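J.: Here it is, the structure, as structure tokens.
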Amino acid sequence: MSKTKDDRASRRDFLKLAGTAAPAAVAAAALSGTEAQAAEEPTGETRIQDTAHTRAYLDSARF
């Protein structure tokens with residue numbers, strides 16, 4: 001019985017690649033030199049919009 005080599009990537013090959021690609025991506029991001037910007041916080045209270053759909057849902061969720 002002879003073993004044939006598949007051209008497909010195996011799970012082991014995928015894990016090897018994933019283990020080396022993640023640190024490389026982090027290093028590339030660290031060396032890019034661009035500064036990340038934070039998203040603005042919404043001002044005021046965040047509430048659910050009062051629509052017919054939300055009223056129907058809240059009515060059906062009551063016990």
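Residue names in the structure tokens use chain letters A, B, ... in the order shown, residue numbers from 1 in each chain, and ligand numbers from 1 in the order shown.
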What are the DSSP helix (DSSP H, G or I) residues of range 5-50 of chain A, as a PyMOL selection string?
T.: chain A and resi 11-31
J.: In Å to one decimal, how far is CA of Ala39 in chain A from CA of Ala22 in chain A?
T.: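 About the pair CA of Ala22 in chain A and CA of Ala39 in chain A: they are 24.9 Å apart.
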